[in-house]
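Here the structure is laid out as structure tokens; the discussion comes afterwards.
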Amino acid sequence: MTYVYLALAIAAEVAGTTLLKATEEFTKLIPTTFLVIFYLISFWLMTLALRELYHWELFTLFGLDSELFW
């Protein structure tokens with residue numbers, strides 16, 4: 001279940017990051033609200049994954065998504 005939490009945290013972080021352009025420098029309310037929600041979900045899921053993963057394993061896997069998508 002830990003890796004499911006981690007995968008969902010990565011997906012929420014990518015979704016939030018994709019909304020950055022739509023916020024138009026945080027002047028649009030709805031995209032900004034969803035961005036904050038996605039980031040909060042991402043951090044919450046990452047804390048759930050941290051309960052059972054070693055720290056080096058989590059940050060290696062979580063950092064890998066930025067290498068793959070950007």
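Convention: chains lettered A, B, ... in structure tokens order; per-chain residue numbering from 1; ligands numbered from 1 as shown.
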
Worksheet entry | For Phe43 of chain A: contacts at 12 Å, only C-alpha atoms, fewer than 3 positions along chain excluded, given as a ChimeraX atom specification | /A:5-6,8-13,16,36-40,46-50,62

Output N, CA and C atoms for every residue in the selection just made, as a short mmCIF file (atom, residue, chain, number, x, y, z; two decimals), in the first residue's frame.
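Okay, selection-v9.cif is ready:
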```
data_model
loop_
_atom_site.label_atom_id
_atom_site.label_comp_id
_atom_site.auth_asym_id
_atom_site.auth_seq_id
_atom_site.Cartn_x
_atom_site.Cartn_y
_atom_site.Cartn_z
N TYR A 5 0.42 4.85 -2.17
CA TYR A 5 0.43 6.21 -1.63
C TYR A 5 1.46 7.07 -2.34
N LEU A 6 2.63 6.50 -2.57
CA LEU A 6 3.69 7.24 -3.22
C LEU A 6 3.33 7.59 -4.66
N LEU A 8 0.32 7.91 -5.91
CA LEU A 8 -0.73 8.93 -5.90
C LEU A 8 -0.17 10.30 -5.50
N ALA A 9 0.80 10.32 -4.60
CA ALA A 9 1.44 11.59 -4.22
C ALA A 9 2.16 12.20 -5.41
N ILE A 10 2.83 11.38 -6.19
CA ILE A 10 3.53 11.87 -7.37
C ILE A 10 2.53 12.39 -8.40
N ALA A 11 1.43 11.66 -8.59
CA ALA A 11 0.41 12.09 -9.54
C ALA A 11 -0.22 13.41 -9.11
N ALA A 12 -0.49 13.57 -7.83
CA ALA A 12 -1.08 14.83 -7.33
C ALA A 12 -0.09 15.98 -7.49
N GLU A 13 1.19 15.71 -7.26
CA GLU A 13 2.20 16.77 -7.41
C GLU A 13 2.33 17.18 -8.87
N GLY A 16 -0.75 19.24 -9.78
CA GLY A 16 -0.66 20.58 -9.24
C GLY A 16 0.33 21.44 -10.00
N VAL A 36 -3.59 24.33 -4.89
CA VAL A 36 -3.35 24.17 -3.45
C VAL A 36 -3.88 22.83 -2.96
N ILE A 37 -5.05 22.45 -3.44
CA ILE A 37 -5.63 21.16 -3.04
C ILE A 37 -4.75 20.00 -3.49
N PHE A 38 -4.27 20.04 -4.72
CA PHE A 38 -3.41 18.97 -5.21
C PHE A 38 -2.10 18.89 -4.42
N TYR A 39 -1.51 20.04 -4.09
CA TYR A 39 -0.28 20.02 -3.32
C TYR A 39 -0.51 19.51 -1.90
N LEU A 40 -1.62 19.90 -1.28
CA LEU A 40 -1.93 19.39 0.05
C LEU A 40 -2.15 17.88 0.04
N MET A 46 2.37 11.74 0.84
CA MET A 46 3.79 11.49 1.05
C MET A 46 4.07 11.18 2.52
N THR A 47 3.34 11.83 3.44
CA THR A 47 3.53 11.50 4.85
C THR A 47 3.04 10.09 5.16
N LEU A 48 1.98 9.65 4.48
CA LEU A 48 1.53 8.27 4.67
C LEU A 48 2.58 7.28 4.15
N ALA A 49 3.20 7.62 3.04
CA ALA A 49 4.24 6.75 2.49
C ALA A 49 5.49 6.76 3.37
N LEU A 50 5.76 7.87 4.03
CA LEU A 50 6.95 7.97 4.89
C LEU A 50 6.89 7.06 6.10
N PHE A 62 10.54 9.74 -5.28
CA PHE A 62 9.77 10.96 -5.49
C PHE A 62 10.52 11.93 -6.39
#
```

Practice prompt. Determine, counting only C-alpha atoms, which protein, DNA and RNA residues have an atom within 10 Å of an atom of Lys21 of chain A; residues of the same chain fewer than 4 positions away are not included. Present the result as a ChimeraX atom specification.
Written response: /A:17,25-26,31-32

Fill in: Atomic distance atom CA of Leu45 of chain A - atom CA of Thr60 of chain A, expressed in Å with one decimal
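Straight-line distance from atom CA of Leu45 of chain A to atom CA of Thr60 of chain A works out to 16.0 Å.
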
Worksheet item: Do you have the atom CA of Met1 of chain A-atom CA of Leu53 of chain A distance handy?
Response: 10.8 Å

Worksheet entry | From A:Tyr3, A:Thr33, A:Glu52, A:Ser42, residue lying nearest Leu19 of chain A [only C-alpha atoms] |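 Distance minimum relative to Leu19 of chain A lands on A:Thr33.
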